[in-house]
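*Asks:* Please find start15.cif (mmCIF, C-alpha atoms and all ligand atoms) on the next line:
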data_data
#
loop_
_atom_site.label_atom_id
_atom_site.label_comp_id
_atom_site.auth_asym_id
_atom_site.auth_seq_id
_atom_site.Cartn_x
_atom_site.Cartn_y
_atom_site.Cartn_z
CA MET A 1315 0.00 0.00 0.00
CA VAL A 1316 2.87 2.37 0.76
CA GLU A 1317 4.29 1.75 -2.70
CA HIS A 1318 0.83 2.17 -4.21
CA SER A 1319 0.39 5.54 -2.41
CA SER A 1320 3.80 6.87 -3.36
CA ASP A 1321 3.19 5.88 -6.98
CA ARG A 1322 0.00 7.94 -6.97
CA ARG A 1323 1.80 10.86 -5.31
CA ALA A 1324 4.51 10.74 -8.00
CA PHE A 1325 1.79 10.67 -10.62
CA LEU A 1326 0.08 13.73 -9.07
CA ARG A 1327 3.43 15.59 -9.10
CA PHE A 1328 3.83 14.74 -12.75
CA LEU A 1329 0.32 16.02 -13.45
CA ALA A 1330 0.89 19.24 -11.49
CA ALA A 1331 3.77 20.08 -13.81
CA SER A 1332 2.02 18.95 -16.96
CA PRO A 1333 0.45 21.12 -19.69
CA VAL A 1334 -2.25 18.43 -19.87
CA LEU A 1335 -3.81 20.04 -16.80
CA ALA A 1336 -4.38 23.37 -18.50
CA ALA A 1337 -5.77 21.59 -21.52
CA ALA A 1338 -8.23 19.87 -19.21
CA GLY A 1339 -9.25 23.22 -17.71
CA LEU A 1340 -7.68 22.44 -14.30
CA SER A 1341 -5.26 24.74 -12.53
CA SER A 1342 -1.88 23.46 -11.44
CA ASP A 1343 -2.40 25.43 -8.17
CA TRP A 1344 -5.19 23.06 -7.32
CA PHE A 1345 -2.87 20.11 -7.74
CA SER A 1346 -0.05 21.81 -5.82
CA GLY A 1347 -2.54 22.41 -3.00
CA LEU A 1348 -3.33 18.75 -2.95
CA LEU A 1349 0.33 17.89 -2.81
CA SER A 1350 0.90 20.07 0.26
CA GLU A 1351 -1.67 18.03 2.20
CA PRO A 1352 -0.60 14.87 4.02
CA ILE A 1353 -0.69 11.97 1.61
CA SER A 1354 -3.58 10.28 3.43
CA ALA A 1355 -5.91 13.28 3.23
CA GLN A 1356 -4.87 13.87 -0.34
CA GLU A 1357 -5.59 10.31 -1.37
CA GLN A 1358 -8.92 10.25 0.35
CA ASN A 1359 -9.97 13.45 -1.37
CA THR A 1360 -9.10 12.13 -4.79
CA TYR A 1361 -9.32 8.35 -4.69
CA ILE A 1362 -12.60 6.45 -4.69
CA ILE A 1363 -12.38 2.86 -3.48
CA LYS A 1364 -13.95 0.30 -5.77
CA THR A 1365 -14.18 -2.61 -3.33
CA VAL A 1366 -14.50 -2.78 0.44
CA ARG A 1367 -11.14 -4.53 0.59
CA GLU A 1368 -9.49 -1.25 -0.39
CA ALA A 1369 -11.01 0.64 2.56
CA LEU A 1370 -8.40 2.04 4.93
CA ASN A 1371 -10.71 3.90 7.30
CA VAL A 1372 -14.27 5.26 7.49
CA PHE A 1373 -13.44 8.28 5.32
CA ASP A 1374 -12.92 6.01 2.32
CA PHE A 1375 -16.61 5.11 2.66
CA ARG A 1376 -17.53 8.79 2.89
CA ALA A 1377 -15.71 9.53 -0.37
CA ALA A 1378 -17.34 6.52 -2.04
CA ALA A 1379 -20.79 7.60 -0.82
CA ARG A 1380 -20.22 11.15 -2.03
CA ALA A 1381 -19.28 9.85 -5.47
CA LYS A 1382 -22.35 7.66 -5.65
CA LEU A 1383 -25.19 9.74 -4.18
CA SER A 1384 -26.98 12.72 -5.62
CA LEU A 1385 -25.79 15.94 -4.01
CA PRO A 1386 -28.96 16.64 -1.98
CA HIS A 1387 -28.99 13.12 -0.54
CA PHE A 1388 -25.31 13.20 0.35
CA THR A 1389 -25.58 16.68 1.86
CA GLU A 1390 -28.61 15.84 3.96
CA PHE A 1391 -26.83 12.82 5.42
CA ASP A 1392 -23.48 14.49 5.87
CA GLU A 1393 -23.98 17.96 7.24
CA GLY A 1394 -25.23 19.41 10.48
CA VAL A 1395 -27.48 22.39 11.21
CA PHE A 1396 -26.95 26.13 11.42
CA ASN A 1397 -23.31 27.05 10.73
CA GLN A 1398 -22.09 23.55 11.60
CA GLU A 1399 -21.00 24.70 15.08
CA THR A 1400 -22.23 21.55 16.83
CA GLN A 1401 -20.89 19.23 14.15
CA ILE A 1402 -17.43 20.83 14.33
CA ALA A 1403 -17.55 20.69 18.14
CA ASP A 1404 -18.59 17.03 17.96
CA ARG A 1405 -15.50 16.16 15.95
CA ASN A 1406 -13.05 18.47 17.74
CA ALA A 1407 -13.99 17.04 21.14
CA TYR A 1408 -12.16 13.78 20.37
CA ALA A 1409 -8.99 15.70 19.49
CA ARG A 1410 -9.01 17.16 23.01
CA TYR A 1411 -7.81 13.83 24.35
CA GLN A 1412 -4.79 11.74 23.48
CA LEU A 1413 -4.20 8.12 24.40
CA LYS A 1414 -1.63 7.32 27.08
CA VAL A 1415 0.13 4.51 25.26
CA ARG A 1416 2.46 2.24 27.22
CA ARG A 1417 5.32 0.01 26.12
CA LEU A 1418 6.53 -3.51 26.87
CA LEU A 1419 3.17 -4.64 28.17
CA GLY A 1420 3.47 -8.04 26.54
CA ILE A 1421 -0.14 -8.19 25.26
CA SER A 1422 -1.54 -8.66 21.78
CA GLN A 1423 -5.11 -9.76 22.44
CA VAL A 1424 -7.94 -7.93 24.18
CA ASP A 1425 -11.51 -8.78 25.06
CA GLN A 1426 -14.09 -6.32 23.70
CA SER A 1427 -17.10 -8.13 25.15
CA THR A 1428 -19.58 -5.73 26.71
CA GLN A 1429 -22.45 -6.19 29.14
CA LEU A 1430 -25.68 -4.30 28.50
CA PHE A 1431 -28.76 -5.03 30.59
CA GLY A 1432 -27.42 -8.48 31.50
CA ARG A 1433 -26.64 -9.46 27.91
CA THR A 1434 -23.15 -9.91 26.56
CA TRP A 1435 -22.26 -8.31 23.20
CA GLU A 1436 -19.04 -8.95 21.27
CA SER A 1437 -18.13 -5.27 21.25
CA PRO A 1438 -19.34 -1.94 22.70
CA LEU A 1439 -19.80 -0.64 19.14
CA TYR A 1440 -23.44 -0.46 18.02
CA LEU A 1441 -25.41 0.81 15.02
CA CYS A 1442 -27.35 4.03 15.69
CA PRO A 1443 -30.87 4.56 14.38
CA VAL A 1444 -30.67 6.34 11.03
CA GLY A 1445 -33.92 7.40 9.35
CA ARG A 1446 -34.62 7.61 5.62
CA LEU A 1447 -31.98 4.98 4.77
CA ARG A 1448 -33.86 4.19 1.57
CA ALA A 1449 -32.77 7.59 0.33
CA ILE A 1450 -29.25 6.20 0.08
CA HIS A 1451 -29.78 2.47 -0.48
CA PRO A 1452 -32.83 0.81 -2.06
CA ASP A 1453 -33.09 -1.79 0.75
CA GLY A 1454 -32.51 0.57 3.69
CA ASN A 1455 -32.73 -1.29 7.00
CA LEU A 1456 -33.12 -4.61 5.18
CA ALA A 1457 -29.48 -4.21 4.13
CA ILE A 1458 -28.31 -3.22 7.62
CA ALA A 1459 -29.84 -6.16 9.51
CA PRO A 1460 -27.77 -8.95 7.84
CA ALA A 1461 -24.58 -6.99 8.63
CA ALA A 1462 -25.62 -6.62 12.28
CA ASN A 1463 -26.45 -10.33 12.31
CA ARG A 1464 -23.15 -11.50 10.85
CA LYS A 1465 -21.13 -9.16 13.05
CA ARG A 1466 -23.34 -9.91 16.09
CA THR A 1467 -23.76 -6.19 16.66
CA LEU A 1468 -26.48 -4.31 18.51
CA GLU A 1469 -28.73 -2.62 15.95
CA ILE A 1470 -31.13 0.17 16.81
CA MET A 1471 -33.58 0.78 13.99
CA SER A 1472 -35.31 4.10 13.33
CA GLY A 1473 -39.04 3.51 12.96
CA THR A 1474 -40.87 0.25 12.43
CA GLN A 1475 -40.94 -0.15 8.64
CA ASP A 1476 -40.42 -3.81 7.65
CA LEU A 1477 -40.09 -4.66 11.36
CA GLU A 1478 -40.81 -8.39 11.08
CA LYS A 1479 -38.55 -8.81 8.05
CA VAL A 1480 -35.75 -6.83 9.69
CA ASN A 1481 -35.99 -8.98 12.83
CA GLN A 1482 -35.85 -12.09 10.68
CA LEU A 1483 -32.74 -10.87 8.84
CA ARG A 1484 -31.16 -9.77 12.11
CA GLY A 1485 -31.88 -13.17 13.65
CA GLU A 1486 -33.48 -11.58 16.73
CA PRO A 1487 -35.63 -8.52 17.50
CA VAL A 1488 -33.80 -5.24 16.97
CA TRP A 1489 -34.12 -2.31 19.35
CA ILE A 1490 -36.51 0.32 18.04
CA CYS A 1491 -36.10 4.09 18.05
CA GLY A 1492 -38.73 6.74 17.48
CA GLY A 1493 -40.62 9.59 19.07
CA ARG A 1494 -43.03 9.36 22.02
CA PRO A 1495 -44.54 5.90 21.55
CA SER A 1496 -48.31 5.35 21.65
CA ALA A 1497 -49.82 2.47 23.66
CA GLU A 1498 -50.55 0.80 20.32
CA THR A 1499 -46.93 1.01 19.17
CA ILE A 1500 -45.73 -0.36 22.50
CA LYS A 1501 -48.15 -3.28 22.20
CA ARG A 1502 -46.97 -4.07 18.68
CA LEU A 1503 -43.29 -3.88 19.62
CA GLU A 1504 -43.79 -6.02 22.72
CA SER A 1505 -45.69 -8.60 20.68
CA VAL A 1506 -42.58 -9.23 18.52
CA GLY A 1507 -40.24 -9.32 21.52
CA THR A 1508 -38.57 -5.92 21.08
CA PRO A 1509 -36.12 -5.70 24.00
CA ALA A 1510 -35.75 -1.92 24.16
CA TYR A 1511 -37.41 1.28 22.99
CA VAL A 1512 -35.14 4.25 22.34
CA TRP A 1513 -37.12 7.48 22.53
CA THR A 1514 -35.51 10.36 20.67
CA VAL A 1515 -36.07 13.45 22.79
CA ASP A 1516 -33.87 15.93 20.97
CA THR A 1517 -35.96 16.77 17.90
CA VAL A 1518 -37.17 19.98 19.47
CA GLY A 1519 -37.65 23.27 17.69
CA GLY A 1520 -36.28 22.13 14.32
CA GLY A 1521 -32.85 22.61 12.85
CA ASN A 1522 -31.81 24.85 10.01
CA GLN A 1523 -29.86 22.46 7.82
CA ILE A 1524 -27.93 25.02 5.84
CA GLY A 1525 -26.17 22.56 3.56
CA ALA A 1526 -29.32 20.97 2.21
CA ARG A 1527 -31.06 24.31 1.97
CA ALA A 1528 -28.12 25.83 0.11
CA VAL A 1529 -28.44 23.01 -2.41
CA GLN A 1530 -32.12 23.89 -2.65
CA ARG A 1531 -31.41 27.59 -3.14
CA ALA A 1532 -28.71 27.12 -5.76
CA GLY A 1533 -30.73 24.59 -7.74
CA VAL A 1534 -28.96 21.39 -8.68
CA PRO A 1535 -28.87 20.06 -12.21
CA ASN A 1536 -29.35 16.34 -12.79
CA LEU A 1537 -31.07 15.74 -9.47
CA GLU A 1538 -32.10 12.32 -10.64
CA ARG A 1539 -28.49 11.33 -11.34
CA ARG A 1540 -27.94 7.73 -10.23
CA ASN A 1541 -30.99 7.94 -8.08
CA ASP A 1542 -32.12 4.51 -6.92
CA ALA A 1543 -33.72 5.87 -3.78
CA ARG A 1544 -36.87 4.33 -2.35
CA CYS A 1545 -37.29 6.62 0.65
CA SER A 1546 -40.98 7.21 1.20
CA SER A 1547 -40.33 10.78 2.41
CA CYS A 1548 -40.08 11.77 -1.27
CA HIS A 1549 -40.52 8.67 -3.51
CA ASP A 1550 -43.11 6.09 -4.43
CA SER A 1551 -42.24 2.40 -4.61
CA GLU A 1552 -40.91 2.83 -8.15
CA GLY A 1553 -38.56 5.62 -7.09
CA ARG A 1554 -40.62 8.41 -8.70
CA ILE A 1555 -40.74 11.66 -6.74
CA THR A 1556 -44.22 11.90 -5.29
CA LEU A 1557 -44.17 15.51 -4.17
CA SER A 1558 -44.63 18.46 -6.42
CA ASP A 1559 -41.49 20.19 -5.07
CA SER A 1560 -38.10 19.28 -6.42
CA MET A 1561 -36.18 16.83 -4.28
CA ALA A 1562 -33.76 19.54 -3.18
CA GLU A 1563 -36.66 21.60 -1.85
CA VAL A 1564 -38.06 18.62 0.01
CA ILE A 1565 -34.75 17.70 1.57
CA GLY A 1566 -34.10 21.29 2.51
CA ALA A 1567 -37.47 21.32 4.21
CA LEU A 1568 -36.74 18.07 6.04
CA GLY A 1569 -33.68 19.73 7.44
CA SER A 1570 -35.54 22.72 8.77
CA LEU A 1571 -39.06 21.66 9.60
CA ARG A 1572 -38.60 18.54 11.69
CA GLY A 1573 -38.53 18.87 15.46
CA ASN A 1574 -42.02 19.54 16.70
CA ASP A 1575 -41.87 17.35 19.82
CA THR A 1576 -43.50 19.00 22.85
CA SER A 1577 -43.19 16.04 25.25
CA THR A 1578 -42.43 16.55 28.95
CA TRP A 1579 -41.02 14.48 31.83
CA ALA A 1580 -44.61 13.63 32.78
CA ASP A 1581 -44.92 11.90 29.38
CA VAL A 1582 -41.74 9.94 30.09
CA ARG A 1583 -43.20 8.70 33.37
CA ARG A 1584 -46.45 7.72 31.60
CA VAL A 1585 -44.56 5.75 28.92
CA ARG A 1586 -42.41 4.15 31.62
CA ASP A 1587 -45.56 2.80 33.25
CA LEU A 1588 -46.87 1.49 29.91
CA THR A 1589 -44.03 -0.86 29.00
CA LYS A 1590 -41.76 -3.58 30.26
CA MET A 1591 -39.29 -2.95 27.41
CA LYS A 1592 -36.10 -1.23 28.44
CA LEU A 1593 -36.72 2.49 27.97
CA ILE A 1594 -33.84 4.65 26.80
CA LEU A 1595 -33.94 8.40 26.14
CA LYS A 1596 -31.79 9.47 23.20
CA GLY A 1597 -30.32 12.94 23.06
CA VAL A 1598 -29.93 13.71 26.77
CA VAL A 1599 -26.87 15.92 27.21
CA ALA A 1600 -27.31 18.16 30.27
CA PRO A 1601 -26.43 16.44 33.58
CA GLU A 1602 -29.61 17.93 35.12
CA ASP A 1603 -31.66 16.06 32.51
CA ALA A 1604 -29.73 12.86 33.22
CA GLU A 1605 -30.82 13.15 36.86
CA LEU A 1606 -34.43 13.75 35.82
CA ALA A 1607 -34.22 10.69 33.53
CA ILE A 1608 -33.19 8.53 36.48
CA LYS A 1609 -36.09 9.95 38.53
CA ALA A 1610 -38.48 9.15 35.67
CA GLY A 1611 -37.38 5.52 35.86
CA VAL A 1612 -35.73 5.03 32.48
CA ASP A 1613 -33.10 2.32 31.98
CA GLY A 1614 -30.61 4.32 29.97
CA ILE A 1615 -29.79 7.50 28.11
CA VAL A 1616 -27.90 8.24 24.91
CA VAL A 1617 -25.56 11.21 25.12
CA SER A 1618 -25.88 12.50 21.57
CA THR A 1619 -26.24 15.62 19.46
CA HIS A 1620 -28.25 13.61 16.90
CA ALA A 1621 -25.36 13.96 14.43
CA ALA A 1622 -25.70 17.73 14.95
CA HIS A 1623 -28.86 17.43 12.84
CA GLU A 1624 -31.03 19.33 15.31
CA ASP A 1625 -28.80 20.53 18.14
CA ALA A 1626 -28.00 24.25 18.30
CA SER A 1627 -25.73 24.03 21.36
CA GLY A 1628 -22.37 24.31 19.60
CA ARG A 1629 -21.14 21.78 22.19
CA GLY A 1630 -19.78 18.39 21.25
CA SER A 1631 -21.44 15.23 22.53
CA LEU A 1632 -18.15 14.05 24.07
CA GLU A 1633 -17.88 17.34 25.99
CA TRP A 1634 -21.14 16.59 27.78
CA LEU A 1635 -20.29 12.95 28.45
CA PRO A 1636 -18.11 13.19 31.64
CA GLU A 1637 -20.68 15.47 33.32
CA VAL A 1638 -23.52 13.12 32.46
CA VAL A 1639 -21.56 10.06 33.62
CA ALA A 1640 -20.86 11.80 36.94
CA ALA A 1641 -24.54 12.71 37.38
CA VAL A 1642 -25.68 9.17 36.55
CA GLY A 1643 -23.20 7.55 38.93
CA GLY A 1644 -23.68 4.09 37.39
CA LYS A 1645 -27.43 3.98 38.17
CA ILE A 1646 -28.48 3.57 34.52
CA ALA A 1647 -26.71 2.75 31.24
CA VAL A 1648 -25.02 5.58 29.33
CA PHE A 1649 -24.78 5.21 25.55
CA HIS A 1650 -22.80 7.67 23.46
CA ASP A 1651 -22.70 8.77 19.83
CA SER A 1652 -21.98 11.75 17.51
CA GLY A 1653 -18.69 12.23 15.72
CA ILE A 1654 -17.28 8.70 16.05
CA ARG A 1655 -14.92 8.11 13.11
CA SER A 1656 -12.29 5.74 14.53
CA GLY A 1657 -11.55 3.08 17.13
CA ALA A 1658 -9.56 5.68 19.08
CA ASP A 1659 -12.72 7.84 19.23
CA ILE A 1660 -14.63 4.86 20.61
CA PHE A 1661 -11.88 4.24 23.15
CA LYS A 1662 -12.05 7.88 24.34
CA ALA A 1663 -15.83 7.72 24.85
CA LEU A 1664 -15.50 4.45 26.79
CA ALA A 1665 -12.69 5.93 28.89
CA LEU A 1666 -14.96 8.87 29.77
CA GLY A 1667 -17.60 6.46 31.02
CA ALA A 1668 -19.85 5.40 28.13
CA ASN A 1669 -21.15 1.82 28.30
CA ALA A 1670 -21.57 1.50 24.53
CA VAL A 1671 -20.73 3.70 21.54
CA GLY A 1672 -22.70 4.14 18.30
CA ILE A 1673 -22.08 5.12 14.68
CA GLY A 1674 -24.56 6.96 12.44
CA ARG A 1675 -22.79 8.55 9.47
CA ALA A 1676 -20.06 5.89 9.23
CA GLN A 1677 -22.86 3.34 8.99
CA ALA A 1678 -24.74 5.40 6.37
CA TRP A 1679 -21.63 6.07 4.23
CA SER A 1680 -20.77 2.36 4.16
CA LEU A 1681 -24.37 1.37 3.38
CA ALA A 1682 -24.63 3.92 0.57
CA SER A 1683 -21.37 2.85 -1.04
CA PHE A 1684 -21.27 -0.94 -0.60
CA GLY A 1685 -24.54 -2.07 1.02
CA THR A 1686 -24.43 -4.87 3.60
CA GLU A 1687 -20.80 -5.67 2.86
CA GLY A 1688 -19.85 -2.05 3.46
CA VAL A 1689 -21.56 -1.98 6.87
CA GLU A 1690 -19.87 -5.24 7.88
CA THR A 1691 -16.50 -3.85 6.84
CA VAL A 1692 -16.97 -0.62 8.79
CA ILE A 1693 -17.87 -2.59 11.92
CA GLU A 1694 -14.82 -4.81 11.42
CA LEU A 1695 -12.53 -1.85 10.74
CA LEU A 1696 -13.63 0.11 13.82
CA ARG A 1697 -13.36 -2.96 16.03
CA ARG A 1698 -9.82 -3.54 14.81
CA GLU A 1699 -8.92 0.10 15.47
CA LEU A 1700 -10.42 -0.17 18.96
CA GLN A 1701 -8.34 -3.29 19.53
CA VAL A 1702 -5.16 -1.38 18.64
CA ALA A 1703 -6.08 1.41 21.08
CA MET A 1704 -6.73 -1.15 23.81
CA VAL A 1705 -3.50 -3.08 23.22
CA GLN A 1706 -1.41 0.10 23.14
CA THR A 1707 -2.90 1.48 26.36
CA GLY A 1708 -2.82 -1.88 28.11
CA ALA A 1709 -6.61 -2.17 28.49
CA THR A 1710 -7.12 -5.90 28.11
CA SER A 1711 -10.90 -5.66 28.54
CA ILE A 1712 -13.59 -3.00 28.17
CA SER A 1713 -14.00 -2.70 31.93
CA ARG A 1714 -10.27 -1.96 32.26
CA ILE A 1715 -10.52 1.12 30.00
CA SER A 1716 -10.28 4.15 32.27
CA LYS A 1717 -9.96 7.90 32.22
CA SER A 1718 -6.34 7.55 33.41
CA MET A 1719 -5.55 6.20 29.93
CA LEU A 1720 -6.39 9.60 28.40
CA ILE A 1721 -4.29 12.75 28.39
CA PRO A 1722 -6.36 15.95 28.05
CA VAL A 1723 -5.00 18.43 25.50
CA SER A 1724 -4.82 22.00 26.74
CA GLY A 1725 -5.26 24.87 24.32
CA SER A 1726 -6.79 24.80 20.88
CA VAL A 1727 -6.93 21.73 18.66
CA SER A 1728 -6.87 21.54 14.90
CA SER A 1729 -10.41 21.70 13.55
CA ARG A 1730 -11.94 18.53 12.09
CA MET A 1731 -15.09 18.77 10.09
CA GLN A 1732 -16.21 15.41 8.70
C1 LIG B 1 -29.11 10.92 8.01
C2 LIG B 1 -29.32 10.69 9.46
C3 LIG B 1 -30.56 10.30 9.90
C4 LIG B 1 -30.76 10.10 11.27
N1 LIG B 1 -31.98 9.68 11.70
C5 LIG B 1 -32.20 9.51 13.02
C6 LIG B 1 -33.47 9.09 13.50
O1 LIG B 1 -34.37 8.80 12.72
N2 LIG B 1 -33.65 8.99 14.84
C7 LIG B 1 -32.63 9.28 15.72
O2 LIG B 1 -32.82 9.20 16.92
N3 LIG B 1 -31.42 9.66 15.29
C8 LIG B 1 -31.17 9.77 13.98
N4 LIG B 1 -29.93 10.15 13.55
C9 LIG B 1 -28.87 10.36 14.52
C10 LIG B 1 -28.09 9.07 14.80
O3 LIG B 1 -28.88 8.12 15.48
C11 LIG B 1 -26.86 9.35 15.67
O4 LIG B 1 -27.24 10.02 16.83
C12 LIG B 1 -25.80 10.16 14.93
O5 LIG B 1 -25.80 9.89 13.55
C13 LIG B 1 -24.42 9.89 15.50
O6 LIG B 1 -23.48 10.77 14.97
P1 LIG B 1 -22.53 10.38 13.75
O7 LIG B 1 -23.38 10.44 12.53
O8 LIG B 1 -21.50 11.44 13.77
O9 LIG B 1 -21.99 9.00 14.02
C14 LIG B 1 -29.70 10.31 12.19
C15 LIG B 1 -28.43 10.67 11.71
C16 LIG B 1 -28.23 10.85 10.36
C17 LIG B 1 -26.84 11.21 9.88
#
Rewrite the structure from the file as structure tokens, please.
*Replies:*
Amino acid sequence: MVEHSSDRRAFLRFLAASPVLAAAGLSSDWFSGLLSEPISAQEQNTYIIKTVREALNVFDFRAAARAKLSLPHFTEFDEGVFNQETQIADRNAYARYQLKVRRLLGISQVDQSTQLFGRTWESPLYLCPVGRLRAIHPDGNLAIAPAANRKRTLEIMSGTQDLEKVNQLRGEPVWICGGRPSAETIKRLESVGTPAYVWTVDTVGGGNQIGARAVQRAGVPNLERRNDARCSSCHDSEGRITLSDSMAEVIGALGSLRGNDTSTWADVRRVRDLTKMKLILKGVVAPEDAELAIKAGVDGIVVSTHAAHEDASGRGSLEWLPEVVAAVGGKIAVFHDSGIRSGADIFKALALGANAVGIGRAQAWSLASFGTEGVETVIELLRRELQVAMVQTGATSISRISKSMLIPVSGSVSSRMQ
């Protein structure tokens, strides 16, 4: 791979100096700019993997998804709201910690097994609920479930579409995520053995998803390019757009008009009394709310900014995590997501007290680019990266990962966007 990369770098240098560039209408400055970047960033900006075996990290799947999807679909999945403050904070928060690696520990194997509500999972990594997956893959959740099955990974599904079929493909009932559940929904979910209901409580007020709306405002040619979407938000079962607006307008609207939940803690207590499923609130970030969640009798919370798709705080999910963990004091489970792009990121969240760590975009990018095989590969890749972090810090099991294995970074950190 090193040889392969240096060959490409040499080729780029040749191109930068070549009159062919001008003939192609490209500036040599653009190429020189690329060359001043580290080789890895440069490659991942320019190279699109053709098979999952070529994938080096999750960003290869992002580039492949970007190449495959129409611009509005990619933008809606990729970007956050407002001026991206929360999304940038989500990513930067991981750079505020380094790993305290040790030497001569004499270990090569670690145990990632993780206990959640008395059940043992192979790894603390789980698949977050991601809505509208059929916008980026024709089979949506039906393509996620076999990956979760083969990798024996906790899957939380957004909504209940194809529930029975998904459970069948998963090999067991998946956890379900949605808004405030009705008694009818609870009954249906309990009847198929759903172990846990994850109630998203952060879609409040609506987000202004600038990226998608900018696409809408500019107008995008060839919207239908390579569009095999079957997402019912905008398409019928044949993929035809069912709404009179253009897709860009619809997606722009999705980004800004969602978020009309007016639920209260009294509703949480009512739902708690209605079900024996584990009840988990997703999107709790303030420690005060974590305490109220415990009082309301829930079994767990997810510290999350919802991929910065709604959250206007400008604060990264990982920044909230230690305060929430302290407030919870081990009384209920603490899940964590938002901004996870590597095994080291997962390690940092576990070290700060999360019981399990989820991926949203990494899952969506891999689904969009390579379907089930892509999702399996991303799970595998992140687990391997987590293993490296554990071996290097001397954490032979998940329970041995501790805050003492992190070194906080003082001062500013270089900004990470994706
Ligand atoms: C396109 C997209 C759709 C999402 N849909 C939902 C949803 O329906 N319900 C929900 O609770 N969270 C949803 N999320 C948020 C994820 O569950 C998760 O919190 C987030 O993606 C984690 O951050 P990450 O994308 O940086 O990994 C969605 C995220 C994305 C990117």
*Asks:* Give the centre and edge lengths of an axis-aligned box, in Å to one decimal, that holds all listed atoms of ligand LIG 1 (chain B) with 8 Å on each side, as JSON.
*Replies:*
{"center_x": -27.9, "center_y": 9.8, "center_z": 12.5, "size_x": 28.9, "size_y": 19.3, "size_z": 24.9}
*Asks:* Out of A:Ser1724, A:Ser1422, A:Gln1401, A:Asn1522, which residue has the shortest atom-to-atom distance to ligand LIG 1 (chain B) when counting all atoms listed in the file?
*Replies:*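 Checking each candidate against ligand LIG 1 (chain B), we get A:Gln1401 as the closest.
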*Asks:* Taking only C-alpha atoms and all ligand atoms into account, report as a ChimeraX atom specification which residues have an atom no farther than 7 Å from an atom of ligand LIG 1 (chain B).
*Replies:* /A:1390-1392,1442-1446,1472,1491-1492,1514,1596,1618-1621,1623,1651-1654,1672-1676
*Asks:* Please list as a list in words every residue within 9 Å of Ile1421 in chain A, counting only C-alpha atoms and excluding residues in the same chain fewer than 6 positions away.
*Replies:*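 Near Ile1421 in chain A, the qualifying residues are Val1705, Gln1706, Gly1708 and Thr1710 of chain A.
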*Asks:* Any chance you can output those residues with C-alpha atoms as a PDB file, in the coordinates of the input?
*Replies:*
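File written: result32.pdb
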ATOM      1  CA  VAL A1705      -3.500  -3.080  23.220  1.00  0.00           C
ATOM      2  CA  GLN A1706      -1.410   0.100  23.140  1.00  0.00           C
ATOM      3  CA  GLY A1708      -2.820  -1.880  28.110  1.00  0.00           C
ATOM      4  CA  THR A1710      -7.120  -5.900  28.110  1.00  0.00           C
TER       5      THR A1710
END
*Asks:* Please identify all polymer residues within 12 Å of Asn1669 in chain A, counting all atoms listed in the file, omitting same-chain residues fewer than 6 positions from it, and present them as a VMD selection string.
*Replies:* chain A and resid 1426 to 1431 1435 1437 to 1440 1614 to 1617 1635 1639 1642 1644 to 1651 1660 to 1663 1712 to 1713 1715 to 1716
*Asks:* Just the selected residues (C-alpha atoms), exported as a PDB file, in the coordinates of the input, please.
*Replies:*
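Written output follows (again08.pdb):
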ATOM      1  CA  GLN A1426     -14.090  -6.320  23.700  1.00  0.00           C
ATOM      2  CA  SER A1427     -17.100  -8.130  25.150  1.00  0.00           C
ATOM      3  CA  THR A1428     -19.580  -5.730  26.710  1.00  0.00           C
ATOM      4  CA  GLN A1429     -22.450  -6.190  29.140  1.00  0.00           C
ATOM      5  CA  LEU A1430     -25.680  -4.300  28.500  1.00  0.00           C
ATOM      6  CA  PHE A1431     -28.760  -5.030  30.590  1.00  0.00           C
ATOM      7  CA  TRP A1435     -22.260  -8.310  23.200  1.00  0.00           C
ATOM      8  CA  SER A1437     -18.130  -5.270  21.250  1.00  0.00           C
ATOM      9  CA  PRO A1438     -19.340  -1.940  22.700  1.00  0.00           C
ATOM     10  CA  LEU A1439     -19.800  -0.640  19.140  1.00  0.00           C
ATOM     11  CA  TYR A1440     -23.440  -0.460  18.020  1.00  0.00           C
ATOM     12  CA  GLY A1614     -30.610   4.320  29.970  1.00  0.00           C
ATOM     13  CA  ILE A1615     -29.790   7.500  28.110  1.00  0.00           C
ATOM     14  CA  VAL A1616     -27.900   8.240  24.910  1.00  0.00           C
ATOM     15  CA  VAL A1617     -25.560  11.210  25.120  1.00  0.00           C
ATOM     16  CA  LEU A1635     -20.290  12.950  28.450  1.00  0.00           C
ATOM     17  CA  VAL A1639     -21.560  10.060  33.620  1.00  0.00           C
ATOM     18  CA  VAL A1642     -25.680   9.170  36.550  1.00  0.00           C
ATOM     19  CA  GLY A1644     -23.680   4.090  37.390  1.00  0.00           C
ATOM     20  CA  LYS A1645     -27.430   3.980  38.170  1.00  0.00           C
ATOM     21  CA  ILE A1646     -28.480   3.570  34.520  1.00  0.00           C
ATOM     22  CA  ALA A1647     -26.710   2.750  31.240  1.00  0.00           C
ATOM     23  CA  VAL A1648     -25.020   5.580  29.330  1.00  0.00           C
ATOM     24  CA  PHE A1649     -24.780   5.210  25.550  1.00  0.00           C
ATOM     25  CA  HIS A1650     -22.800   7.670  23.460  1.00  0.00           C
ATOM     26  CA  ASP A1651     -22.700   8.770  19.830  1.00  0.00           C
ATOM     27  CA  ILE A1660     -14.630   4.860  20.610  1.00  0.00           C
ATOM     28  CA  PHE A1661     -11.880   4.240  23.150  1.00  0.00           C
ATOM     29  CA  LYS A1662     -12.050   7.880  24.340  1.00  0.00           C
ATOM     30  CA  ALA A1663     -15.830   7.720  24.850  1.00  0.00           C
ATOM     31  CA  ILE A1712     -13.590  -3.000  28.170  1.00  0.00           C
ATOM     32  CA  SER A1713     -14.000  -2.700  31.930  1.00  0.00           C
ATOM     33  CA  ILE A1715     -10.520   1.120  30.000  1.00  0.00           C
ATOM     34  CA  SER A1716     -10.280   4.150  32.270  1.00  0.00           C
TER      35      SER A1716
END
